[in-house]
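To be precise, the following lines are my_file-v6.tsv, and they hold TSV, C-alpha atoms.
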chain	number	residue	atom	x	y	z
A	1	MET	CA	57.03	103.55	74.69
A	2	THR	CA	54.00	101.60	73.54
A	3	ARG	CA	51.61	99.23	75.22
A	4	PRO	CA	49.37	97.15	72.94
A	5	THR	CA	46.52	96.35	75.36
A	6	THR	CA	44.96	99.83	75.58
A	7	THR	CA	45.08	103.10	73.69
A	8	GLY	CA	47.62	105.76	74.57
A	9	LYS	CA	51.31	105.60	75.44
A	10	ALA	CA	53.00	103.78	78.28
A	11	GLN	CA	55.01	106.83	79.32
A	12	ASP	CA	51.69	108.50	80.22
A	13	LEU	CA	51.09	105.70	82.74
A	14	ILE	CA	54.60	105.39	84.13
A	15	THR	CA	55.13	106.64	87.67
A	16	PHE	CA	58.55	108.25	87.66
A	17	THR	CA	60.48	109.68	90.60
A	18	ARG	CA	63.95	111.09	91.24
A	19	SER	CA	64.50	113.20	94.35
A	20	THR	CA	67.07	115.49	92.69
A	21	THR	CA	67.55	117.22	89.37
A	22	GLY	CA	69.34	115.37	86.56
A	23	THR	CA	70.89	116.17	83.20
A	24	TYR	CA	70.38	114.61	79.77
A	25	LEU	CA	71.09	115.33	76.11
A	26	GLY	CA	68.15	116.97	74.36
A	27	SER	CA	67.02	116.62	70.75
A	28	ASP	CA	68.81	119.87	69.88
A	29	GLY	CA	72.17	118.44	70.97
A	30	LEU	CA	72.39	120.57	74.13
A	31	LEU	CA	72.70	119.28	77.67
A	32	LYS	CA	69.41	119.84	79.55
A	33	SER	CA	68.48	119.86	83.23
A	34	ALA	CA	65.40	117.92	84.35
A	35	ALA	CA	63.54	119.00	87.48
A	36	ILE	CA	62.94	116.78	90.51
A	37	ASN	CA	60.70	113.84	89.47
A	38	GLU	CA	60.91	114.83	85.80
A	39	ALA	CA	61.61	111.97	83.39
A	40	ARG	CA	64.63	112.34	81.11
A	41	ILE	CA	63.90	111.36	77.50
A	42	GLU	CA	67.37	111.44	75.98
A	43	TYR	CA	68.68	111.76	72.42
A	44	ASP	CA	72.02	110.99	70.81
A	45	ALA	CA	74.21	113.60	69.15
A	46	SER	CA	72.43	113.00	65.81
A	47	GLY	CA	69.00	113.72	67.31
A	48	ASN	CA	67.81	110.09	67.50
A	49	CYS	CA	65.67	109.27	70.53
A	50	LEU	CA	67.40	106.83	72.89
A	51	GLY	CA	64.53	106.46	75.35
A	52	LEU	CA	63.94	107.05	79.04
A	53	LEU	CA	67.26	107.55	80.86
A	54	VAL	CA	67.43	105.47	84.06
A	55	GLU	CA	70.47	105.66	86.35
A	56	GLU	CA	71.53	104.68	89.83
A	57	ALA	CA	72.55	107.34	92.36
A	58	ARG	CA	75.99	108.84	91.70
A	59	THR	CA	78.17	111.59	93.19
A	60	ASN	CA	80.42	114.03	91.35
A	61	GLN	CA	83.48	114.26	93.58
A	62	ALA	CA	84.91	117.25	91.70
A	63	THR	CA	83.71	120.17	93.81
A	64	HIS	CA	83.91	122.77	91.01
A	65	SER	CA	82.83	121.18	87.75
A	66	GLU	CA	82.38	124.25	85.52
A	67	ASP	CA	84.45	127.16	86.79
A	68	LEU	CA	87.98	125.78	86.66
A	69	THR	CA	89.51	129.16	87.50
A	70	VAL	CA	88.81	128.82	91.24
A	71	SER	CA	91.63	128.04	93.67
A	72	ALA	CA	90.42	124.46	94.15
A	73	TRP	CA	91.84	123.83	90.68
A	74	GLY	CA	95.64	124.02	90.88
A	75	LEU	CA	97.64	125.26	87.89
A	76	MET	CA	101.18	124.33	86.89
A	77	PRO	CA	103.65	127.24	86.41
A	78	ASN	CA	103.78	128.51	82.82
A	79	SER	CA	100.18	127.39	82.33
A	80	PHE	CA	97.34	129.90	82.09
A	81	ARG	CA	93.57	129.96	82.35
A	82	ASN	CA	90.70	132.38	82.21
A	83	SER	CA	86.92	132.37	82.11
A	84	THR	CA	85.31	132.76	78.70
A	85	ASN	CA	81.87	133.65	77.39
A	86	SER	CA	81.88	130.71	74.99
A	87	ILE	CA	78.69	128.69	74.73
A	88	ALA	CA	79.14	125.57	76.87
A	89	PRO	CA	77.55	122.15	76.12
A	90	ASP	CA	74.45	123.14	78.10
A	91	GLY	CA	73.86	126.23	75.96
A	92	THR	CA	74.88	128.73	78.63
A	93	ALA	CA	77.78	131.16	78.38
A	94	GLY	CA	80.86	130.12	80.30
A	95	ALA	CA	83.83	127.77	80.06
A	96	THR	CA	87.47	127.78	81.17
A	97	ARG	CA	90.25	128.41	78.68
A	98	PHE	CA	93.39	126.43	79.59
A	99	TYR	CA	96.52	127.25	77.62
A	100	THR	CA	100.28	127.85	77.33
A	101	ASN	CA	102.24	130.38	75.29
A	102	SER	CA	105.14	128.07	74.54
A	103	ASN	CA	105.97	124.41	74.34
A	104	VAL	CA	105.97	123.74	78.08
A	105	PRO	CA	103.99	121.22	80.14
A	106	ALA	CA	100.52	122.32	81.19
A	107	PHE	CA	98.60	120.79	84.08
A	108	LEU	CA	95.28	121.66	85.70
A	109	GLN	CA	94.22	119.59	88.72
A	110	GLN	CA	91.85	119.28	91.68
A	111	ILE	CA	92.02	117.12	94.80
A	112	CYS	CA	88.78	115.19	95.30
A	113	PRO	CA	88.38	114.14	98.95
A	114	GLY	CA	86.66	111.01	100.07
A	115	SER	CA	87.35	107.34	100.64
A	116	VAL	CA	88.45	105.65	97.43
A	117	GLY	CA	90.63	102.62	98.08
A	118	ALA	CA	91.74	99.96	95.60
A	119	LYS	CA	88.85	100.42	93.21
A	120	THR	CA	88.01	101.62	89.70
A	121	HIS	CA	87.09	105.27	89.16
A	122	ILE	CA	85.92	107.43	86.24
A	123	VAL	CA	87.17	110.90	85.28
A	124	SER	CA	85.35	112.81	82.53
A	125	CYS	CA	85.06	116.29	81.06
A	126	TRP	CA	84.04	118.20	77.96
A	127	ALA	CA	86.80	119.86	75.95
A	128	ARG	CA	87.37	121.56	72.60
A	129	SER	CA	90.30	123.16	70.82
A	130	THR	CA	90.51	126.94	70.72
A	131	ASN	CA	93.89	127.04	69.01
A	132	GLY	CA	92.84	128.59	65.71
A	133	GLY	CA	90.97	125.49	64.61
A	134	ALA	CA	93.96	123.16	65.09
A	135	ASP	CA	93.29	119.90	66.94
A	136	GLN	CA	94.84	119.69	70.40
A	137	THR	CA	96.13	116.56	72.10
A	138	PHE	CA	95.81	116.12	75.85
A	139	ARG	CA	95.45	113.43	78.49
A	140	LEU	CA	93.26	112.98	81.52
A	141	LYS	CA	95.19	112.24	84.70
A	142	SER	CA	94.12	110.57	87.92
A	143	THR	CA	96.45	110.18	90.89
A	144	HIS	CA	95.86	108.10	93.98
A	145	LEU	CA	97.19	110.73	96.35
A	146	GLY	CA	100.84	110.10	97.15
A	147	VAL	CA	100.96	106.75	95.36
A	148	THR	CA	100.75	106.43	91.56
A	149	ASP	CA	99.88	108.57	88.54
A	150	PHE	CA	97.48	107.13	85.97
A	151	TYR	CA	97.17	108.68	82.52
A	152	SER	CA	94.64	108.07	79.80
A	153	ASP	CA	95.54	107.49	76.20
A	154	ASN	CA	95.99	110.71	74.27
A	155	LYS	CA	92.70	112.48	73.62
A	156	THR	CA	92.16	114.77	70.64
A	157	ALA	CA	90.11	117.91	71.13
A	158	THR	CA	88.62	119.34	67.93
A	159	SER	CA	86.78	122.63	67.50
A	160	GLU	CA	83.53	120.91	68.62
A	161	TRP	CA	82.65	120.08	72.22
A	162	GLN	CA	83.15	116.43	73.06
A	163	ARG	CA	82.91	114.51	76.32
A	164	PHE	CA	86.06	112.55	77.15
A	165	ILE	CA	86.05	109.54	79.50
A	166	PHE	CA	88.93	108.00	81.45
A	167	THR	CA	88.77	104.81	83.53
A	168	THR	CA	91.43	104.15	86.17
A	169	THR	CA	91.89	101.28	88.62
A	170	PHE	CA	93.85	101.93	91.80
A	171	ILE	CA	95.81	99.08	93.33
A	172	SER	CA	96.35	100.56	96.80
A	173	ALA	CA	93.84	101.21	99.57
A	174	SER	CA	96.24	103.24	101.69
A	175	ASN	CA	95.08	106.76	100.80
A	176	THR	CA	91.81	108.58	100.73
A	177	ALA	CA	91.83	111.17	97.96
A	178	VAL	CA	92.11	111.47	94.20
A	179	ILE	CA	93.84	114.16	92.18
A	180	ALA	CA	92.05	114.55	88.87
A	181	GLY	CA	93.38	116.76	86.14
A	182	ILE	CA	94.15	117.60	82.53
A	183	VAL	CA	97.67	117.31	81.16
A	184	GLU	CA	98.88	118.95	77.95
A	185	ASP	CA	100.37	116.39	75.59
A	186	SER	CA	100.97	118.33	72.40
A	187	SER	CA	104.08	119.05	70.39
A	188	ALA	CA	102.63	122.33	69.16
A	189	ASN	CA	104.22	125.60	70.27
A	190	GLN	CA	100.98	126.62	71.92
A	191	PHE	CA	98.43	124.52	73.77
A	192	ASP	CA	94.95	126.03	73.91
A	193	ILE	CA	91.69	124.29	74.84
A	194	GLU	CA	88.42	125.09	76.59
A	195	VAL	CA	87.25	122.77	79.36
A	196	TRP	CA	83.85	122.36	81.01
A	197	GLY	CA	81.92	119.81	83.07
A	198	MET	CA	84.65	118.01	85.00
A	199	GLN	CA	83.32	114.92	86.77
A	200	VAL	CA	84.93	112.31	89.03
A	201	GLU	CA	82.92	109.19	89.96
A	202	PHE	CA	84.33	106.77	92.54
A	203	ASP	CA	84.01	102.98	92.56
A	204	THR	CA	82.55	102.40	89.10
A	205	SER	CA	83.63	101.19	85.67
A	206	PHE	CA	81.31	103.39	83.59
A	207	PRO	CA	80.30	107.06	83.59
A	208	THR	CA	76.82	108.43	84.15
A	209	SER	CA	75.18	111.69	83.14
A	210	TYR	CA	76.78	114.97	84.10
A	211	ILE	CA	76.27	116.25	87.67
A	212	PRO	CA	77.02	120.00	88.06
A	213	THR	CA	78.89	121.16	91.17
A	214	SER	CA	79.83	124.58	92.52
A	215	GLY	CA	81.78	124.42	95.79
A	216	SER	CA	80.92	120.94	97.08
A	217	THR	CA	80.29	117.42	95.89
A	218	VAL	CA	76.77	116.73	94.58
A	219	THR	CA	74.80	113.48	94.44
A	220	ARG	CA	72.18	112.76	91.81
A	221	ALA	CA	69.48	110.44	93.16
A	222	ALA	CA	68.39	107.20	91.48
A	223	ASP	CA	65.71	107.16	88.77
A	224	LEU	CA	62.67	105.02	89.65
A	225	ALA	CA	60.06	104.02	87.08
A	226	SER	CA	57.04	101.74	87.44
A	227	LEU	CA	53.61	100.96	85.97
A	228	ALA	CA	50.70	100.48	88.40
A	229	VAL	CA	48.66	97.50	87.15
A	230	SER	CA	45.46	99.24	88.31
A	231	GLU	CA	45.94	101.63	85.37
A	232	PHE	CA	45.41	98.98	82.68
A	233	GLY	CA	43.92	95.53	82.09
A	234	TYR	CA	46.37	93.38	84.02
A	235	ASN	CA	45.66	89.64	84.28
A	236	GLN	CA	46.77	88.15	87.64
A	237	ASP	CA	46.73	84.58	86.26
A	238	GLN	CA	49.06	84.80	83.28
A	239	GLY	CA	50.76	87.31	81.04
A	240	THR	CA	53.67	88.41	78.90
A	241	VAL	CA	55.96	91.42	79.39
A	242	VAL	CA	58.31	92.65	76.68
A	243	VAL	CA	60.97	95.28	77.45
A	244	SER	CA	63.50	96.77	75.05
A	245	GLY	CA	66.34	99.13	75.80
A	246	HIS	CA	70.06	99.70	75.97
A	247	TYR	CA	72.11	99.32	79.12
A	248	THR	CA	75.48	100.77	80.05
A	249	GLY	CA	76.13	98.92	83.29
A	250	LEU	CA	74.74	97.04	86.27
A	251	GLY	CA	74.13	98.65	89.65
A	252	VAL	CA	76.77	98.63	92.36
A	253	SER	CA	75.59	95.23	93.59
A	254	ALA	CA	76.30	93.65	90.15
A	255	THR	CA	72.65	92.56	89.99
A	256	SER	CA	70.07	94.72	88.24
A	257	GLY	CA	66.45	94.18	87.28
A	258	VAL	CA	65.15	94.42	83.73
A	259	PHE	CA	61.63	94.38	85.14
A	260	GLU	CA	59.79	92.98	88.16
A	261	LEU	CA	56.15	92.12	88.73
A	262	ASN	CA	56.00	93.64	92.18
A	263	GLN	CA	53.67	91.96	94.66
A	264	ALA	CA	51.09	93.79	96.71
A	265	VAL	CA	52.24	91.82	99.76
A	266	SER	CA	55.73	91.37	101.17
A	267	ALA	CA	57.57	88.49	99.50
A	268	PRO	CA	61.10	87.72	98.29
A	269	TYR	CA	60.71	88.51	94.61
A	270	GLY	CA	57.37	88.56	92.86
A	271	VAL	CA	58.32	87.58	89.32
A	272	GLU	CA	61.28	89.24	87.67
A	273	LEU	CA	63.97	89.08	85.06
A	274	ARG	CA	67.33	90.43	86.08
A	275	LEU	CA	70.90	90.63	84.81
A	276	HIS	CA	73.42	89.15	87.18
A	277	GLY	CA	77.18	88.97	87.61
A	278	ALA	CA	80.21	89.73	85.50
A	279	ASN	CA	78.63	88.35	82.31
A	280	SER	CA	75.23	90.02	82.91
A	281	THR	CA	73.47	86.66	82.74
A	282	LEU	CA	69.70	86.84	82.22
A	283	MET	CA	67.92	85.10	85.11
A	284	GLY	CA	64.30	84.66	86.16
A	285	TYR	CA	63.14	84.66	89.79
A	286	ASP	CA	59.86	84.15	91.62
A	287	ASN	CA	58.83	83.63	95.25
A	288	ASN	CA	60.68	80.31	95.34
A	289	GLY	CA	63.95	81.61	93.90
A	290	ALA	CA	65.55	81.18	90.50
A	291	PHE	CA	63.37	79.44	87.90
A	292	LEU	CA	65.18	80.36	84.69
A	293	THR	CA	68.71	81.00	83.43
A	294	GLY	CA	69.17	82.48	79.99
A	295	GLY	CA	72.06	83.86	77.96
A	296	ASP	CA	74.51	86.65	78.69
A	297	VAL	CA	73.59	90.21	77.71
A	298	PRO	CA	76.69	92.22	76.65
A	299	VAL	CA	77.20	95.58	78.34
A	300	ASN	CA	76.65	98.63	76.12
A	301	SER	CA	74.26	96.71	73.90
A	302	ASP	CA	70.66	96.96	72.76
A	303	PHE	CA	68.31	94.25	73.98
A	304	LYS	CA	64.75	93.01	73.61
A	305	ILE	CA	63.67	90.71	76.44
A	306	ALA	CA	60.31	88.99	76.95
A	307	LEU	CA	58.84	86.78	79.67
A	308	GLY	CA	55.70	84.71	79.21
A	309	PHE	CA	54.25	82.82	82.17
A	310	VAL	CA	51.20	81.20	83.76
A	311	VAL	CA	50.97	81.49	87.56
A	312	GLY	CA	51.47	77.97	88.94
A	313	GLY	CA	52.30	76.67	85.47
A	314	THR	CA	55.52	75.02	84.36
A	315	ASN	CA	55.87	76.49	80.91
A	316	ALA	CA	57.29	79.92	81.60
A	317	ALA	CA	59.78	81.07	78.99
A	318	ALA	CA	61.98	84.07	78.33
A	319	SER	CA	63.34	85.30	75.03
A	320	TYR	CA	66.40	87.52	74.61
A	321	ASN	CA	67.05	88.99	71.16
A	322	GLY	CA	65.16	86.12	69.50
A	323	SER	CA	66.60	83.24	71.54
A	324	VAL	CA	64.03	81.40	73.71
A	325	THR	CA	64.86	79.79	77.07
A	326	ASN	CA	62.28	77.51	78.71
A	327	ALA	CA	61.84	77.21	82.46
A	328	PHE	CA	61.46	73.88	84.27
A	329	ALA	CA	59.72	75.03	87.44
A	330	SER	CA	56.38	76.54	88.32
A	331	VAL	CA	56.03	80.30	88.57
A	332	ASP	CA	54.81	81.42	92.00
A	333	VAL	CA	53.60	84.98	92.55
A	334	ASN	CA	50.98	86.65	94.72
A	335	THR	CA	48.80	89.56	93.63
A	336	VAL	CA	50.85	91.96	91.52
A	337	SER	CA	50.51	95.69	92.20
A	338	SER	CA	53.02	97.20	89.74
A	339	ILE	CA	55.58	96.48	87.06
A	340	GLU	CA	58.91	97.89	88.22
A	341	LEU	CA	61.20	98.91	85.36
A	342	PHE	CA	65.02	98.69	85.29
A	343	LYS	CA	65.08	97.92	89.03
A	344	HIS	CA	65.44	94.87	91.26
A	345	ASP	CA	63.21	94.96	94.41
A	346	THR	CA	63.63	97.93	96.76
A	347	ASN	CA	67.44	97.97	96.65
A	348	LEU	CA	68.45	101.23	94.95
A	349	GLY	CA	71.90	99.79	94.31
A	350	ARG	CA	70.29	97.43	91.80
A	351	ILE	CA	69.22	99.95	89.17
A	352	LEU	CA	69.88	98.93	85.57
A	353	ASN	CA	71.71	101.91	84.08
A	354	GLY	CA	70.72	102.77	80.53
A	355	HIS	CA	67.80	103.72	78.32
A	356	LEU	CA	64.35	102.16	78.46
A	357	LYS	CA	63.00	102.20	74.91
A	358	SER	CA	59.66	100.36	75.08
A	359	VAL	CA	57.38	98.33	77.34
A	360	GLN	CA	54.67	95.98	76.06
A	361	TYR	CA	52.21	94.00	78.13
A	362	TYR	CA	49.88	91.17	77.02
A	363	PRO	CA	47.28	89.68	79.40
A	364	LEU	CA	48.06	86.12	78.30
A	365	ARG	CA	51.05	83.83	77.99
A	366	LEU	CA	52.16	84.19	74.38
A	367	SER	CA	53.66	81.21	72.59
A	368	ASN	CA	57.40	80.71	72.40
A	369	ALA	CA	57.29	81.54	68.70
A	370	GLN	CA	55.56	84.84	69.52
A	371	LEU	CA	58.11	85.64	72.25
A	372	GLN	CA	60.86	85.01	69.76
A	373	ALA	CA	59.24	87.17	67.08
A	374	LEU	CA	58.75	90.05	69.53
A	375	THR	CA	62.41	90.08	70.53
A	376	VAL	CA	64.17	89.74	67.18
structure tokens encoding of this file:
Amino acid sequence: MTRPTTTGKAQDLITFTRSTTGTYLGSDGLLKSAAINEARIEYDASGNCLGLLVEEARTNQATHSEDLTVSAWGLMPNSFRNSTNSIAPDGTAGATRFYTNSNVPAFLQQICPGSVGAKTHIVSCWARSTNGGADQTFRLKSTHLGVTDFYSDNKTATSEWQRFIFTTTFISASNTAVIAGIVEDSSANQFDIEVWGMQVEFDTSFPTSYIPTSGSTVTRAADLASLAVSEFGYNQDQGTVVVSGHYTGLGVSATSGVFELNQAVSAPYGVELRLHGANSTLMGYDNNGAFLTGGDVPVNSDFKIALGFVVGGTNAAASYNGSVTNAFASVDVNTVSSIELFKHDTNLGRILNGHLKSVQYYPLRLSNAQLQALTV
């Protein structure tokens, strides 16, 4: 992350907190664990840097995510399992082999307690084939206890670890538990895979990073990132902020901040850009409410977003991926104390989930042409 107004890097100035540990994919392709308050700079499977991982709080409802040989994981007759010393996605030794010796159904499942209702849930796990190099076909299953079975499309496990994701939407609110499991769906005479990192996330349409469990559910706290304006040459009269990143989903309130100029005194907003609603519409807010409505930002997409403004002026403008939107109201803000990143006010349900790639700050209101050029 770069900041053009002083020397150094913005990540050196970012205040970052998270009250629990968290996992992320490292540059070597292995799953890493970050300590409390440690930022997670994540990479893709090819070793390309994605940026600072920012996520809302989530809970893994699967009480045993790695050792699937415990009694909490039920096993269908004629199915077998055992612990292995294989290297798991986090680089440690240990996974669960799940297999049959003949062409019979295989099913491994766990009941995840908790209130679920008529909502959307995510089931995920890592799996790979251990059947002599042959690909193995399986499905993820989620059952609203006593009501309906939901199956994913067929998944294909190769000899390499891969995380598989399944989204299910329940239509009944009458029960309060989920059965999550893996179902063999192969025509081969022998089904043989290794499984690791089972995760069940309630009331969401997208998965987040892996949360290890061993005997109980575990909650990963929200990531919070901000820049104190006392650390650099911030201009209280006018300015431009440019943020780029990639987002995977809005917070649970369906409103998430891209960034906010947080006021030193209590007030409704400060100045902020946020994504709002089903279409993730870009909107600008200040102390008086909404002053700008821009375009829609597709989920699971890269973005570059800029805001240029003069306090009390009427020419504020935002640019999203090279498209400029002008405002038609004055921008009202008191003394700014920090720039909050990927968060809307103090509501932790309004975290923007994704990767923060860069932050730029200019102590003047750049022209619309400059905003456009910075966000192409």
Problem set entry | Between CA of Ala106 (chain A) and CA of Thr59 (chain A), distance in Å (one decimal) |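 Rounded to one decimal, the two atoms are 27.5 Å apart.
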Exercise. Got a sec: who's within 8 Å of region 82-99 of chain A, counting only C-alpha atoms, leaving out chain neighbours fewer than 4 positions off, as a list in words?
Worked result: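 Listed by chain and then number, they are Leu30, Leu31, Lys32, Glu66, Asp67, Leu68, Thr69, Ala106, Leu108, Trp126, Trp161, Gln190, Phe191, Asp192, Ile193, Glu194, Val195 and Trp196 of chain A.
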Determine, counting all atoms listed in the file, which protein, DNA and RNA residues have an atom within 12 Å of an atom of Leu374 (chain A); residues of the same chain fewer than 2 positions away are not included. Present the result as a PDB file with C-alpha atoms, keeping the file's coordinate frame.
ATOM      1  CA  THR A 240      53.670  88.410  78.900  1.00  0.00           C
ATOM      2  CA  VAL A 241      55.960  91.420  79.390  1.00  0.00           C
ATOM      3  CA  VAL A 242      58.310  92.650  76.680  1.00  0.00           C
ATOM      4  CA  VAL A 243      60.970  95.280  77.450  1.00  0.00           C
ATOM      5  CA  SER A 244      63.500  96.770  75.050  1.00  0.00           C
ATOM      6  CA  PHE A 303      68.310  94.250  73.980  1.00  0.00           C
ATOM      7  CA  LYS A 304      64.750  93.010  73.610  1.00  0.00           C
ATOM      8  CA  ILE A 305      63.670  90.710  76.440  1.00  0.00           C
ATOM      9  CA  ALA A 306      60.310  88.990  76.950  1.00  0.00           C
ATOM     10  CA  LEU A 307      58.840  86.780  79.670  1.00  0.00           C
ATOM     11  CA  GLY A 308      55.700  84.710  79.210  1.00  0.00           C
ATOM     12  CA  ALA A 318      61.980  84.070  78.330  1.00  0.00           C
ATOM     13  CA  SER A 319      63.340  85.300  75.030  1.00  0.00           C
ATOM     14  CA  TYR A 320      66.400  87.520  74.610  1.00  0.00           C
ATOM     15  CA  ASN A 321      67.050  88.990  71.160  1.00  0.00           C
ATOM     16  CA  GLY A 322      65.160  86.120  69.500  1.00  0.00           C
ATOM     17  CA  SER A 323      66.600  83.240  71.540  1.00  0.00           C
ATOM     18  CA  VAL A 324      64.030  81.400  73.710  1.00  0.00           C
ATOM     19  CA  SER A 358      59.660 100.360  75.080  1.00  0.00           C
ATOM     20  CA  VAL A 359      57.380  98.330  77.340  1.00  0.00           C
ATOM     21  CA  GLN A 360      54.670  95.980  76.060  1.00  0.00           C
ATOM     22  CA  TYR A 361      52.210  94.000  78.130  1.00  0.00           C
ATOM     23  CA  TYR A 362      49.880  91.170  77.020  1.00  0.00           C
ATOM     24  CA  LEU A 366      52.160  84.190  74.380  1.00  0.00           C
ATOM     25  CA  SER A 367      53.660  81.210  72.590  1.00  0.00           C
ATOM     26  CA  ASN A 368      57.400  80.710  72.400  1.00  0.00           C
ATOM     27  CA  ALA A 369      57.290  81.540  68.700  1.00  0.00           C
ATOM     28  CA  GLN A 370      55.560  84.840  69.520  1.00  0.00           C
ATOM     29  CA  LEU A 371      58.110  85.640  72.250  1.00  0.00           C
ATOM     30  CA  GLN A 372      60.860  85.010  69.760  1.00  0.00           C
ATOM     31  CA  VAL A 376      64.170  89.740  67.180  1.00  0.00           C
TER      32      VAL A 376
END
Exercise. So which residues touch Thr167 (chain A) within 8 Å, counting only C-alpha atoms, skipping near sequence neighbours fewer than 3 positions away, as an MDAnalysis selection string?
Worked result: chainID A and resid 120:123 152 205:206
Exercise. What does the distance between CA of Ser65 (chain A) and CA of Gln199 (chain A) come to in Å, to one decimal place?
Worked result: 6.4 Å
Exercise. Could you name the residues that touch Phe291 (chain A) at 7 Å or less, counting all atoms listed in the file, but leaving out those on the same chain fewer than 5 positions away, as a ChimeraX atom specification?
Worked result: /A:284-286,327-329
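Atom pair CA of Thr248 (chain A) / CA of Val333 (chain A): separated by 29.7 Å.
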For this session: Go through A:Val200, A:Val70, A:Ala45, A:Leu261 and flag the residue nearest Ile339 (chain A), using all atoms listed in the file for the distances.
Result: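 Of A:Val200, A:Val70, A:Ala45, A:Leu261, the one nearest Ile339 (chain A), counting all atoms listed in the file, is A:Leu261.
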Problem set entry | Within 12 Å of Ser216 (chain A) using only C-alpha atoms, minus same-chain residues under 4 positions, as a VMD selection string | chain A and resid 59 to 65 72 111 to 114 211 to 212
Problem set entry | Which of A:Ala373, A:Ile179, A:Val271, A:Ala221 sits closest to Asn334 (chain A) [using only C-alpha atoms] |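 Smallest separation from Asn334 (chain A) among the options: A:Val271.
Checking A:Gly312, A:Gly22, A:Gly74, A:Gly51 one by one against Glu38 (chain A), counting only C-alpha atoms, you find the shortest gap at A:Gly22.
Minimum distance to Leu352 (chain A) across A:Thr21, A:Asn154, A:Asn131, A:Thr208 (counting all atoms listed in the file) occurs at A:Thr208.
Closest to Ser46 (chain A) among A:Ser102, A:Ser27, A:Ser129, A:Thr137 is A:Ser27, based on all atoms listed in the file.
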